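Chemist: Input file: upload-v5.cif. Contents: mmCIF, C-alpha atoms and all ligand atoms.
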```cif
data_run
loop_
_atom_site.group_PDB
_atom_site.id
_atom_site.type_symbol
_atom_site.label_atom_id
_atom_site.label_comp_id
_atom_site.auth_asym_id
_atom_site.auth_seq_id
_atom_site.Cartn_x
_atom_site.Cartn_y
_atom_site.Cartn_z
ATOM 1 C CA MET A 5 -161.620 185.934 15.222
ATOM 2 C CA SER A 6 -161.526 186.327 18.998
ATOM 3 C CA CYS A 7 -161.989 183.440 21.410
ATOM 4 C CA GLU A 8 -165.441 184.809 22.370
ATOM 5 C CA GLU A 9 -166.494 184.761 18.728
ATOM 6 C CA MET A 10 -165.253 181.185 18.213
ATOM 7 C CA TYR A 11 -166.645 179.437 21.285
ATOM 8 C CA MET A 12 -169.852 179.271 23.287
ATOM 9 C CA LEU A 13 -170.155 178.042 26.866
ATOM 10 C CA TYR A 14 -172.530 175.181 27.606
ATOM 11 C CA HIS A 15 -172.775 174.015 31.224
ATOM 12 C CA GLY A 16 -169.314 175.466 31.748
ATOM 13 C CA ILE A 17 -167.661 173.727 28.766
ATOM 14 C CA MET A 18 -166.382 175.421 25.626
ATOM 15 C CA LEU A 19 -167.949 174.369 22.314
ATOM 16 C CA PRO A 20 -167.016 175.668 18.846
ATOM 17 C CA LYS A 21 -169.805 177.860 17.452
ATOM 18 C CA GLU A 22 -169.094 176.602 13.942
ATOM 19 C CA SER A 23 -170.733 173.259 14.718
ATOM 20 C CA HIS A 24 -172.810 173.953 17.859
ATOM 21 C CA CYS A 25 -175.537 176.432 18.786
ATOM 22 C CA GLY A 26 -178.354 176.830 21.306
ATOM 23 C CA GLU A 27 -180.798 175.029 18.989
ATOM 24 C CA SER A 28 -178.484 172.054 18.352
ATOM 25 C CA LEU A 29 -177.938 171.647 22.097
ATOM 26 C CA LYS A 30 -181.668 171.871 22.787
ATOM 27 C CA PHE A 31 -182.197 169.291 20.039
ATOM 28 C CA ALA A 32 -179.679 167.005 21.793
ATOM 29 C CA GLU A 33 -181.332 167.522 25.177
ATOM 30 C CA GLU A 34 -184.727 166.577 23.723
ATOM 31 C CA PHE A 35 -183.418 163.837 21.432
ATOM 32 C CA THR A 36 -185.314 160.546 21.736
ATOM 33 C CA PHE A 37 -182.993 157.568 21.915
ATOM 34 C CA LYS A 38 -184.342 154.275 20.622
ATOM 35 C CA ASP A 39 -183.472 151.002 22.320
ATOM 36 C CA ASP A 40 -181.510 149.758 19.317
ATOM 37 C CA ASP A 41 -179.459 152.961 18.899
ATOM 38 C CA VAL A 42 -175.718 152.686 19.435
ATOM 39 C CA ALA A 43 -173.805 155.696 20.719
ATOM 40 C CA VAL A 44 -170.071 156.183 20.704
ATOM 41 C CA ALA A 45 -168.846 158.534 23.428
ATOM 42 C CA VAL A 46 -165.372 159.884 22.937
ATOM 43 C CA TYR A 47 -163.300 162.876 24.037
ATOM 44 C CA PRO A 48 -162.192 164.826 20.911
ATOM 45 C CA LYS A 49 -159.180 163.387 19.051
ATOM 46 C CA SER A 50 -159.548 159.915 20.551
ATOM 47 C CA GLY A 51 -161.027 157.930 17.657
ATOM 48 C CA THR A 52 -164.380 159.496 16.685
ATOM 49 C CA ILE A 53 -163.999 159.349 12.912
ATOM 50 C CA TRP A 54 -162.587 155.839 13.171
ATOM 51 C CA MET A 55 -165.750 154.712 14.967
ATOM 52 C CA GLN A 56 -167.910 156.500 12.385
ATOM 53 C CA GLU A 57 -166.330 154.084 9.889
ATOM 54 C CA ILE A 58 -166.435 150.968 12.072
ATOM 55 C CA LEU A 59 -169.934 151.215 13.503
ATOM 56 C CA PRO A 60 -172.030 151.112 10.301
ATOM 57 C CA LEU A 61 -169.929 148.236 8.989
ATOM 58 C CA VAL A 62 -170.353 146.180 12.157
ATOM 59 C CA LEU A 63 -174.073 146.980 12.395
ATOM 60 C CA ASN A 64 -174.709 146.158 8.723
ATOM 61 C CA GLY A 65 -172.608 143.032 8.411
ATOM 62 C CA GLY A 66 -169.829 144.666 6.379
ATOM 63 C CA ASP A 67 -171.967 146.394 3.728
ATOM 64 C CA LEU A 68 -169.679 149.138 2.372
ATOM 65 C CA THR A 69 -172.458 151.347 0.961
ATOM 66 C CA PRO A 70 -172.695 153.784 3.920
ATOM 67 C CA ILE A 71 -168.958 154.431 4.172
ATOM 68 C CA GLN A 72 -168.633 154.848 0.414
ATOM 69 C CA THR A 73 -171.653 157.089 -0.165
ATOM 70 C CA ILE A 74 -172.374 159.124 3.000
ATOM 71 C CA PRO A 75 -169.960 161.619 4.593
ATOM 72 C CA ASN A 76 -168.969 160.544 8.104
ATOM 73 C CA TRP A 77 -170.759 163.512 9.752
ATOM 74 C CA ASP A 78 -174.114 162.478 8.235
ATOM 75 C CA ARG A 79 -173.532 158.728 8.449
ATOM 76 C CA VAL A 80 -172.978 158.610 12.219
ATOM 77 C CA PRO A 81 -173.803 162.180 13.281
ATOM 78 C CA TRP A 82 -172.753 163.987 16.427
ATOM 79 C CA LEU A 83 -175.582 164.168 18.983
ATOM 80 C CA GLU A 84 -174.732 167.750 19.912
ATOM 81 C CA GLU A 85 -173.931 169.233 16.493
ATOM 82 C CA LYS A 86 -176.081 171.258 14.113
ATOM 83 C CA ARG A 87 -176.164 168.534 11.409
ATOM 84 C CA LEU A 88 -178.192 166.067 13.474
ATOM 85 C CA ALA A 89 -181.505 167.905 13.073
ATOM 86 C CA LEU A 90 -180.964 167.977 9.297
ATOM 87 C CA VAL A 91 -180.236 164.269 8.854
ATOM 88 C CA VAL A 92 -182.027 162.534 11.724
ATOM 89 C CA ASP A 93 -185.016 161.501 9.590
ATOM 90 C CA LYS A 94 -182.728 159.839 7.056
ATOM 91 C CA LEU A 95 -180.943 157.608 9.587
ATOM 92 C CA LYS A 96 -181.798 153.951 9.262
ATOM 93 C CA SER A 97 -182.126 151.786 12.372
ATOM 94 C CA PRO A 98 -180.087 150.576 14.076
ATOM 95 C CA ARG A 99 -178.806 154.164 14.204
ATOM 96 C CA GLY A 100 -175.267 155.071 15.136
ATOM 97 C CA LEU A 101 -174.469 158.374 16.862
ATOM 98 C CA VAL A 102 -171.274 159.836 18.223
ATOM 99 C CA THR A 103 -170.963 162.293 21.059
ATOM 100 C CA HIS A 104 -168.230 164.267 22.754
ATOM 101 C CA PHE A 105 -170.579 165.039 25.665
ATOM 102 C CA PRO A 106 -169.380 164.233 29.153
ATOM 103 C CA TYR A 107 -171.576 161.554 30.756
ATOM 104 C CA HIS A 108 -173.554 163.989 32.927
ATOM 105 C CA LEU A 109 -174.784 165.869 29.849
ATOM 106 C CA MET A 110 -176.322 162.831 28.151
ATOM 107 C CA PRO A 111 -180.049 163.503 27.615
ATOM 108 C CA PRO A 112 -182.775 161.916 29.777
ATOM 109 C CA SER A 113 -184.007 159.643 26.959
ATOM 110 C CA PHE A 114 -180.562 158.042 26.720
ATOM 111 C CA HIS A 115 -180.851 156.940 30.346
ATOM 112 C CA ALA A 116 -184.453 155.815 29.911
ATOM 113 C CA SER A 117 -183.612 153.727 26.840
ATOM 114 C CA LYS A 118 -181.650 150.518 26.428
ATOM 115 C CA ALA A 119 -179.336 152.103 23.842
ATOM 116 C CA LYS A 120 -175.794 150.790 24.085
ATOM 117 C CA VAL A 121 -172.714 152.976 24.229
ATOM 118 C CA ILE A 122 -169.068 152.395 23.395
ATOM 119 C CA TYR A 123 -166.628 154.658 25.219
ATOM 120 C CA VAL A 124 -163.341 155.142 23.379
ATOM 121 C CA MET A 125 -160.374 156.422 25.330
ATOM 122 C CA ARG A 126 -156.906 157.410 24.114
ATOM 123 C CA ASN A 127 -153.648 158.142 25.895
ATOM 124 C CA PRO A 128 -154.073 161.822 26.846
ATOM 125 C CA LYS A 129 -150.553 162.665 25.704
ATOM 126 C CA ASP A 130 -151.461 161.616 22.162
ATOM 127 C CA VAL A 131 -154.864 163.303 22.481
ATOM 128 C CA LEU A 132 -153.049 166.525 23.272
ATOM 129 C CA VAL A 133 -150.679 166.204 20.305
ATOM 130 C CA SER A 134 -153.465 165.288 17.879
ATOM 131 C CA SER A 135 -155.565 168.170 19.169
ATOM 132 C CA TYR A 136 -152.658 170.610 18.906
ATOM 133 C CA HIS A 137 -152.244 169.829 15.174
ATOM 134 C CA PHE A 138 -156.018 169.864 14.654
ATOM 135 C CA HIS A 139 -156.242 173.344 16.183
ATOM 136 C CA LYS A 140 -153.670 174.522 13.660
ATOM 137 C CA MET A 141 -155.635 173.220 10.679
ATOM 138 C CA ALA A 142 -159.216 173.918 11.850
ATOM 139 C CA GLU A 143 -159.901 177.556 11.080
ATOM 140 C CA PHE A 144 -162.863 177.601 13.501
ATOM 141 C CA LEU A 145 -160.650 176.825 16.522
ATOM 142 C CA GLU A 146 -158.179 179.081 18.269
ATOM 143 C CA THR A 147 -154.715 178.597 16.750
ATOM 144 C CA PRO A 148 -152.233 177.585 19.452
ATOM 145 C CA ALA A 149 -149.107 179.708 19.754
ATOM 146 C CA THR A 150 -146.893 176.947 21.164
ATOM 147 C CA LEU A 151 -147.300 173.411 22.461
ATOM 148 C CA ASP A 152 -146.498 174.738 25.954
ATOM 149 C CA GLU A 153 -149.354 177.205 25.823
ATOM 150 C CA PHE A 154 -151.764 174.630 24.392
ATOM 151 C CA MET A 155 -150.771 172.089 27.049
ATOM 152 C CA GLU A 156 -151.719 174.524 29.818
ATOM 153 C CA LYS A 157 -155.112 175.147 28.220
ATOM 154 C CA PHE A 158 -155.674 171.408 27.788
ATOM 155 C CA LEU A 159 -154.756 170.676 31.415
ATOM 156 C CA GLU A 160 -157.042 173.454 32.667
ATOM 157 C CA GLY A 161 -159.911 172.251 30.472
ATOM 158 C CA LYS A 162 -159.965 175.517 28.520
ATOM 159 C CA VAL A 163 -160.434 173.587 25.274
ATOM 160 C CA MET A 164 -163.522 172.208 23.557
ATOM 161 C CA PHE A 165 -165.437 169.734 25.768
ATOM 162 C CA GLY A 166 -163.465 170.607 28.874
ATOM 163 C CA LYS A 167 -160.991 168.605 30.889
ATOM 164 C CA TRP A 168 -159.911 165.227 29.580
ATOM 165 C CA THR A 169 -159.787 163.836 33.132
ATOM 166 C CA ASP A 170 -163.394 164.916 33.880
ATOM 167 C CA HIS A 171 -164.567 163.235 30.679
ATOM 168 C CA VAL A 172 -162.808 159.975 31.481
ATOM 169 C CA LYS A 173 -163.891 159.985 35.129
ATOM 170 C CA GLY A 174 -167.532 160.477 34.163
ATOM 171 C CA TRP A 175 -167.620 157.791 31.508
ATOM 172 C CA THR A 176 -165.710 155.214 33.569
ATOM 173 C CA SER A 177 -168.022 155.443 36.577
ATOM 174 C CA THR A 178 -171.474 155.225 35.054
ATOM 175 C CA ASP A 179 -174.439 153.196 36.247
ATOM 176 C CA LEU A 180 -174.993 151.769 32.758
ATOM 177 C CA GLY A 181 -173.989 148.197 33.612
ATOM 178 C CA ASP A 182 -173.745 146.035 30.513
ATOM 179 C CA ARG A 183 -175.023 148.832 28.267
ATOM 180 C CA ILE A 184 -171.510 150.280 28.101
ATOM 181 C CA MET A 185 -168.308 148.898 26.626
ATOM 182 C CA HIS A 186 -164.901 150.508 27.092
ATOM 183 C CA ILE A 187 -162.192 150.310 24.485
ATOM 184 C CA THR A 188 -158.941 152.174 23.918
ATOM 185 C CA TYR A 189 -157.579 153.708 20.738
ATOM 186 C CA GLU A 190 -154.320 151.864 21.438
ATOM 187 C CA GLU A 191 -156.153 148.513 21.548
ATOM 188 C CA MET A 192 -157.579 149.293 18.125
ATOM 189 C CA VAL A 193 -154.162 150.307 16.753
ATOM 190 C CA GLN A 194 -152.529 147.181 18.130
ATOM 191 C CA ASP A 195 -155.020 144.601 16.855
ATOM 192 C CA LEU A 196 -157.986 145.999 14.926
ATOM 193 C CA PRO A 197 -159.577 142.597 14.093
ATOM 194 C CA ALA A 198 -159.559 141.691 17.818
ATOM 195 C CA ALA A 199 -161.112 145.073 18.689
ATOM 196 C CA LEU A 200 -163.763 144.537 15.990
ATOM 197 C CA ARG A 201 -164.595 141.100 17.419
ATOM 198 C CA ARG A 202 -165.150 142.698 20.854
ATOM 199 C CA ILE A 203 -167.360 145.425 19.359
ATOM 200 C CA SER A 204 -169.300 142.902 17.287
ATOM 201 C CA ASP A 205 -169.899 140.655 20.325
ATOM 202 C CA PHE A 206 -170.980 143.629 22.441
ATOM 203 C CA LEU A 207 -173.508 144.641 19.785
ATOM 204 C CA GLY A 208 -174.799 141.089 19.439
ATOM 205 C CA ARG A 209 -173.578 140.734 15.875
ATOM 206 C CA ASN A 210 -172.291 137.382 14.862
ATOM 207 C CA LEU A 211 -169.802 138.405 12.193
ATOM 208 C CA SER A 212 -167.777 135.819 10.318
ATOM 209 C CA GLU A 213 -163.990 136.015 10.381
ATOM 210 C CA ALA A 214 -164.052 136.983 6.691
ATOM 211 C CA THR A 215 -166.343 139.949 7.494
ATOM 212 C CA ILE A 216 -164.133 141.008 10.409
ATOM 213 C CA GLN A 217 -161.106 140.986 8.122
ATOM 214 C CA LYS A 218 -162.981 142.935 5.444
ATOM 215 C CA ILE A 219 -164.047 145.594 7.975
ATOM 216 C CA ALA A 220 -160.496 145.814 9.356
ATOM 217 C CA GLU A 221 -159.149 146.424 5.871
ATOM 218 C CA HIS A 222 -161.655 149.191 5.146
ATOM 219 C CA CYS A 223 -161.094 150.818 8.543
ATOM 220 C CA SER A 224 -157.315 150.821 8.359
ATOM 221 C CA PHE A 225 -155.661 154.227 8.550
ATOM 222 C CA LYS A 226 -154.324 153.786 5.023
ATOM 223 C CA THR A 227 -157.723 153.017 3.490
ATOM 224 C CA MET A 228 -159.565 155.682 5.464
ATOM 225 C CA LYS A 229 -157.048 158.294 4.355
ATOM 226 C CA THR A 230 -158.144 157.687 0.757
ATOM 227 C CA ASN A 231 -161.883 157.579 1.504
ATOM 228 C CA ASN A 232 -163.232 160.987 0.506
ATOM 229 C CA MET A 233 -166.362 160.287 2.575
ATOM 230 C CA SER A 234 -164.213 160.131 5.712
ATOM 231 C CA ASN A 235 -161.014 162.124 5.225
ATOM 232 C CA PHE A 236 -162.666 165.584 5.308
ATOM 233 C CA SER A 237 -161.498 166.415 1.780
ATOM 234 C CA LEU A 238 -165.126 167.476 1.104
ATOM 235 C CA VAL A 239 -164.721 170.302 3.621
ATOM 236 C CA PRO A 240 -163.491 173.575 2.035
ATOM 237 C CA LYS A 241 -159.936 174.558 2.996
ATOM 238 C CA MET A 242 -161.215 177.791 4.551
ATOM 239 C CA TYR A 243 -162.644 175.601 7.369
ATOM 240 C CA MET A 244 -160.118 172.782 7.502
ATOM 241 C CA ASN A 245 -156.758 173.487 5.966
ATOM 242 C CA SER A 246 -155.182 170.113 5.230
ATOM 243 C CA ASP A 247 -152.027 171.899 3.996
ATOM 244 C CA MET A 248 -151.357 172.751 7.659
ATOM 245 C CA SER A 249 -152.045 169.199 8.854
ATOM 246 C CA PRO A 250 -154.254 166.443 7.401
ATOM 247 C CA PHE A 251 -157.197 165.313 9.553
ATOM 248 C CA LEU A 252 -155.989 161.726 9.316
ATOM 249 C CA ARG A 253 -152.543 162.822 10.421
ATOM 250 C CA LYS A 254 -150.433 159.891 11.726
ATOM 251 C CA GLY A 255 -152.831 157.389 13.282
ATOM 252 C CA ILE A 256 -150.303 155.920 15.688
ATOM 253 C CA ALA A 257 -149.860 155.431 19.414
ATOM 254 C CA GLY A 258 -146.977 157.278 21.067
ATOM 255 C CA ASP A 259 -146.474 160.284 18.769
ATOM 256 C CA TRP A 260 -146.223 162.387 21.962
ATOM 257 C CA LYS A 261 -142.629 161.122 22.208
ATOM 258 C CA ASN A 262 -141.837 163.208 19.109
ATOM 259 C CA HIS A 263 -143.309 166.345 20.692
ATOM 260 C CA PHE A 264 -142.864 166.434 24.483
ATOM 261 C CA SER A 265 -139.742 167.846 26.142
ATOM 262 C CA PRO A 266 -138.736 166.206 29.473
ATOM 263 C CA GLU A 267 -140.145 169.281 31.274
ATOM 264 C CA GLN A 268 -143.464 169.047 29.430
ATOM 265 C CA LEU A 269 -143.702 165.334 30.206
ATOM 266 C CA ALA A 270 -143.077 165.959 33.913
ATOM 267 C CA ARG A 271 -145.658 168.768 34.031
ATOM 268 C CA PHE A 272 -148.298 166.805 32.087
ATOM 269 C CA THR A 273 -147.801 163.630 34.118
ATOM 270 C CA SER A 274 -147.957 165.359 37.480
ATOM 271 C CA VAL A 275 -151.217 167.180 36.649
ATOM 272 C CA ILE A 276 -152.956 164.101 35.223
ATOM 273 C CA ARG A 277 -151.790 161.952 38.172
ATOM 274 C CA LYS A 278 -153.093 164.503 40.654
ATOM 275 C CA GLU A 279 -156.438 164.740 38.864
ATOM 276 C CA MET A 280 -156.813 160.953 38.905
ATOM 277 C CA GLU A 281 -155.898 160.600 42.599
ATOM 278 C CA GLY A 282 -158.485 158.676 44.572
ATOM 279 C CA GLU A 283 -160.144 157.201 41.455
ATOM 280 C CA ILE A 284 -160.844 153.471 41.671
ATOM 281 C CA PHE A 285 -160.342 153.280 37.940
ATOM 282 C CA SER A 286 -156.698 153.303 36.879
ATOM 283 C CA LEU A 287 -155.483 154.483 33.508
ATOM 284 C CA PRO A 288 -154.417 151.697 31.126
ATOM 285 C CA TRP A 289 -151.203 153.489 30.092
ATOM 286 C CA SER A 290 -148.028 154.297 31.918
ATOM 287 C CA MET A 291 -147.991 158.059 32.436
ATOM 288 C CA ASP A 292 -144.168 158.223 32.367
HETATM 289 S S1 LIG B 301 -162.387 164.555 16.218
HETATM 290 O O1 LIG B 301 -161.966 165.872 15.601
HETATM 291 O O2 LIG B 301 -162.584 164.695 17.664
HETATM 292 O O3 LIG B 301 -163.534 163.986 15.558
HETATM 293 O O4 LIG B 301 -161.102 163.617 15.986
HETATM 294 P P1 LIG B 301 -161.043 162.030 16.188
HETATM 295 O O5 LIG B 301 -161.619 161.359 15.010
HETATM 296 O O6 LIG B 301 -161.629 161.686 17.528
HETATM 297 O O7 LIG B 301 -159.496 161.766 16.288
HETATM 298 C C1 LIG B 301 -158.633 161.965 15.204
HETATM 299 C C2 LIG B 301 -157.439 161.062 15.418
HETATM 300 O O8 LIG B 301 -157.817 159.706 15.122
HETATM 301 C C3 LIG B 301 -156.924 159.206 14.132
HETATM 302 N N1 LIG B 301 -157.565 158.161 13.300
HETATM 303 C C4 LIG B 301 -157.053 156.933 13.147
HETATM 304 N N2 LIG B 301 -155.974 156.345 13.713
HETATM 305 C C5 LIG B 301 -155.676 155.071 13.328
HETATM 306 N N3 LIG B 301 -156.404 154.381 12.419
HETATM 307 C C6 LIG B 301 -157.503 154.934 11.834
HETATM 308 N N4 LIG B 301 -158.200 154.230 10.940
HETATM 309 C C7 LIG B 301 -157.867 156.268 12.209
HETATM 310 N N5 LIG B 301 -158.850 157.117 11.842
HETATM 311 C C8 LIG B 301 -158.643 158.276 12.510
HETATM 312 C C9 LIG B 301 -156.541 160.445 13.354
HETATM 313 O O9 LIG B 301 -155.418 160.212 12.522
HETATM 314 C C10 LIG B 301 -156.265 161.414 14.490
HETATM 315 O O10 LIG B 301 -155.090 161.103 15.222
HETATM 316 P P2 LIG B 301 -153.647 161.724 14.889
HETATM 317 O O11 LIG B 301 -152.773 161.297 16.046
HETATM 318 O O12 LIG B 301 -153.793 163.202 14.826
HETATM 319 O O13 LIG B 301 -153.199 161.099 13.606
#
```
So, in terms of structure tokens, how does the structure I just supplied come out?
Ligand code: PPS
Modeler:
Amino acid sequence: MSCEEMYMLYHGIMLPKESHCGESLKFAEEFTFKDDDVAVAVYPKSGTIWMQEILPLVLNGGDLTPIQTIPNWDRVPWLEEKRLALVVDKLKSPRGLVTHFPYHLMPPSFHASKAKVIYVMRNPKDVLVSSYHFHKMAEFLETPATLDEFMEKFLEGKVMFGKWTDHVKGWTSTDLGDRIMHITYEEMVQDLPAALRRISDFLGRNLSEATIQKIAEHCSFKTMKTNNMSNFSLVPKMYMNSDMSPFLRKGIAGDWKNHFSPEQLARFTSVIRKEMEGEIFSLPWSMD
């Protein structure tokens, strides 16, 4: 399949046609957010599926039913994807939604509502590596020839949802005040119970330590890898070929060190640094 056949352009960003179309984007634009909705905004490969596991558990006091009976894409659907229109009426409040949209594409009703949003950010070097492997296994995305070639596309924003730096800049300079919480993938890897306590406090849930520990256990990489409702094993191999690379691949921070050459590191770092020049917000990772 050619690139034109695989992707559509929406406000200048590339979206895979497999999961997005004009109707799904119109549905997102006209979507009515409720005040008690919780959105998770996240650049692809930064912790989306992880939050689709965490959010229902935190919102429902640790009840495992949703994560054991509903596939992640219907449990906490993507705002912009085709599935939302099919499942929206089945979602129970408080509803959880995920989105890869940059901030400026969030629909008017999101701004008019009091819905909260959690922005998850991951070291872009690991985002790149995770995305590179994902592009090899996802048959609906362009297969990268080499890491070098994919890195150039990533840095230019010629990948789904555009430039990583634009996404981060938009979501770290919002006017949402206390409606937004920022968290990093690395923070979650380092101490998941502590991250869950922060999320629970932000959402006004008063979870006991026993519930926090229970959620942490069910949202560990190891447990999620065996959860057929979350590990994409329900998706036919012609769409996602886990023989090439499993969706839940490594789940660690710093895998870029196993992939980047010194030249690639220098190139990546200099572009990201330049893009972030003049930003008040500074990245929480060393770029070296
Ligand atoms: S997507 O396609 O945008 O929805 O992908 P996304 O879910 O955002 O990112 C996939 C990466 O998140 C890792 N992941 C986890 N890491 C640690 N612990 C848990 N529980 C977990 N769940 C998902 C997943 O393994 C992908 O990262 P890599 O580095 O490829 O392993």
Chemist: Residues contacting ligand LIG 301 (chain B) - anything with an atom at most 8 Å away, using all atoms listed in the file - can you give me those as a PyMOL selection string?
Modeler: chain A and resi 46-55+104+130-131+133-135+137-138+189+192-193+223-229+251-257+259
Chemist: Give as a list in words the residues that the PyMOL selection byres (((chain A and resi 140) around 12) and not hetatm) matches when applied to the coordinates above.
Modeler: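 So the PyMOL selection byres (((chain A and resi 140) around 12) and not hetatm) ends up selecting Val133, Ser134, Ser135, Tyr136, His137, Phe138, His139, Met141, Ala142, Glu143, Phe144, Leu145, Glu146, Thr147, Pro148, Ala149, Thr150, Leu151, Phe154, Tyr243, Met244, Asn245, Ser246, Asp247, Met248, Ser249, Pro250 and Phe251 of chain A.
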Chemist: Can you tell me, as a ChimeraX atom specification, which residues sit within 7 Å of (-177.6, 168.2, 25.6) in the file's frame, using only C-alpha atoms?
Modeler: /A:29-30,32-33,84,109-111
Chemist: Pick out the closest residue to Glu191 in chain A from this set: A:Cys7, A:Ala220, A:Val163, A:Met125. Count only C-alpha atoms.
Modeler: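 Checking each candidate against Glu191 in chain A, we get A:Met125 as the closest.
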Chemist: With all atoms listed in the file as the counted atoms, please give the residues lying no more than 12 Å from Val62 in chain A, apart from itself and same-chain residues fewer than 5 positions off, as JSON, numbers by chain.
Modeler: {"A": [42, 55, 56, 57, 67, 68, 70, 71, 98, 99, 100, 197, 199, 200, 201, 202, 203, 204, 205, 206, 207, 208, 209, 210, 211, 212, 215, 216, 217, 218, 219, 220, 222, 223]}
Chemist: What is the CA of Met280 in chain A-CA of Lys173 in chain A distance in Å, reported with one decimal?
Modeler: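 The value is 8.1 Å.
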Chemist: Which of these, A:Gly181, A:Val275, A:Asn231, A:Gly161, has the shortest distance to Gly16 in chain A once you count only C-alpha atoms?
Modeler: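 With only C-alpha atoms as the atom set, the closest residue is A:Gly161.
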Chemist: In Å to one decimal, how far is CA of Pro266 in chain A from CA of Gly282 in chain A?
Modeler: 26.0 Å
Chemist: Write out as a list of chain:residue names which residues come within 9 Å of range 34-37 of chain A when counting only C-alpha atoms, dropping same-chain ones fewer than 3 positions away.
Modeler: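 Near range 34-37 of chain A, the qualifying residues are A:Leu29, A:Lys30, A:Phe31, A:Asp40, A:Asp41, A:Leu83, A:Pro111, A:Pro112, A:Ser113, A:Phe114, A:His115, A:Ala116, A:Ser117, A:Lys118, A:Ala119.
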Chemist: In Å, with one decimal, what is the gap from CA of Phe165 in chain A to CA of Val102 in chain A?
Modeler: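 Spanning CA of Phe165 in chain A to CA of Val102 in chain A is a straight-line distance of 13.7 Å.
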Chemist: Measuring between only C-alpha atoms, which one of A:Gly174, A:Pro240, A:Pro20, A:Gly258 shows the shortest distance to Tyr107 in chain A?
Modeler: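 Smallest separation from Tyr107 in chain A among the options: A:Gly174.
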Chemist: Tell me which of A:Asn262, A:Leu132, A:His15, A:Pro75 sits closest to Lys157 in chain A, counting all atoms listed in the file.
Modeler: A:Leu132
Chemist: List as JSON, numbers by chain the protein and nucleic acid residues near Asp152 in chain A, meaning an atom at most 10 Å away when all atoms listed in the file are counted, but skip any in the same chain fewer than 4 places from it.
Modeler: {"A": [148, 156, 157, 158, 264, 265, 267, 268]}
Chemist: Once the PyMOL selection byres (((chain A and resi 81) around 9) and not hetatm) is applied to the coordinates I shared, what remains selected? I want it as JSON, numbers by chain.
Modeler: {"A": [56, 76, 77, 78, 79, 80, 82, 83, 84, 85, 87, 88, 91, 92, 100, 101, 102, 103]}
Chemist: Can you tell me which residues surround Ile276 in chain A at a distance of at most 12 Å, considering only C-alpha atoms, apart from same-chain residues fewer than 4 positions away, and format the answer as a PDB file with C-alpha atoms, keeping the file's coordinate frame?
Modeler:
```
ATOM      1  CA  ASN A 127    -153.648 158.142  25.895  1.00  0.00           C
ATOM      2  CA  PRO A 128    -154.073 161.822  26.846  1.00  0.00           C
ATOM      3  CA  LYS A 129    -150.553 162.665  25.704  1.00  0.00           C
ATOM      4  CA  MET A 155    -150.771 172.089  27.049  1.00  0.00           C
ATOM      5  CA  GLU A 156    -151.719 174.524  29.818  1.00  0.00           C
ATOM      6  CA  PHE A 158    -155.674 171.408  27.788  1.00  0.00           C
ATOM      7  CA  LEU A 159    -154.756 170.676  31.415  1.00  0.00           C
ATOM      8  CA  GLU A 160    -157.042 173.454  32.667  1.00  0.00           C
ATOM      9  CA  GLY A 161    -159.911 172.251  30.472  1.00  0.00           C
ATOM     10  CA  LYS A 167    -160.991 168.605  30.889  1.00  0.00           C
ATOM     11  CA  TRP A 168    -159.911 165.227  29.580  1.00  0.00           C
ATOM     12  CA  THR A 169    -159.787 163.836  33.132  1.00  0.00           C
ATOM     13  CA  ASP A 170    -163.394 164.916  33.880  1.00  0.00           C
ATOM     14  CA  VAL A 172    -162.808 159.975  31.481  1.00  0.00           C
ATOM     15  CA  LYS A 173    -163.891 159.985  35.129  1.00  0.00           C
ATOM     16  CA  LEU A 269    -143.702 165.334  30.206  1.00  0.00           C
ATOM     17  CA  ALA A 270    -143.077 165.959  33.913  1.00  0.00           C
ATOM     18  CA  ARG A 271    -145.658 168.768  34.031  1.00  0.00           C
ATOM     19  CA  PHE A 272    -148.298 166.805  32.087  1.00  0.00           C
ATOM     20  CA  MET A 280    -156.813 160.953  38.905  1.00  0.00           C
ATOM     21  CA  GLU A 281    -155.898 160.600  42.599  1.00  0.00           C
ATOM     22  CA  GLU A 283    -160.144 157.201  41.455  1.00  0.00           C
ATOM     23  CA  SER A 286    -156.698 153.303  36.879  1.00  0.00           C
ATOM     24  CA  LEU A 287    -155.483 154.483  33.508  1.00  0.00           C
ATOM     25  CA  TRP A 289    -151.203 153.489  30.092  1.00  0.00           C
ATOM     26  CA  SER A 290    -148.028 154.297  31.918  1.00  0.00           C
ATOM     27  CA  MET A 291    -147.991 158.059  32.436  1.00  0.00           C
ATOM     28  CA  ASP A 292    -144.168 158.223  32.367  1.00  0.00           C
TER      29      ASP A 292
END
```
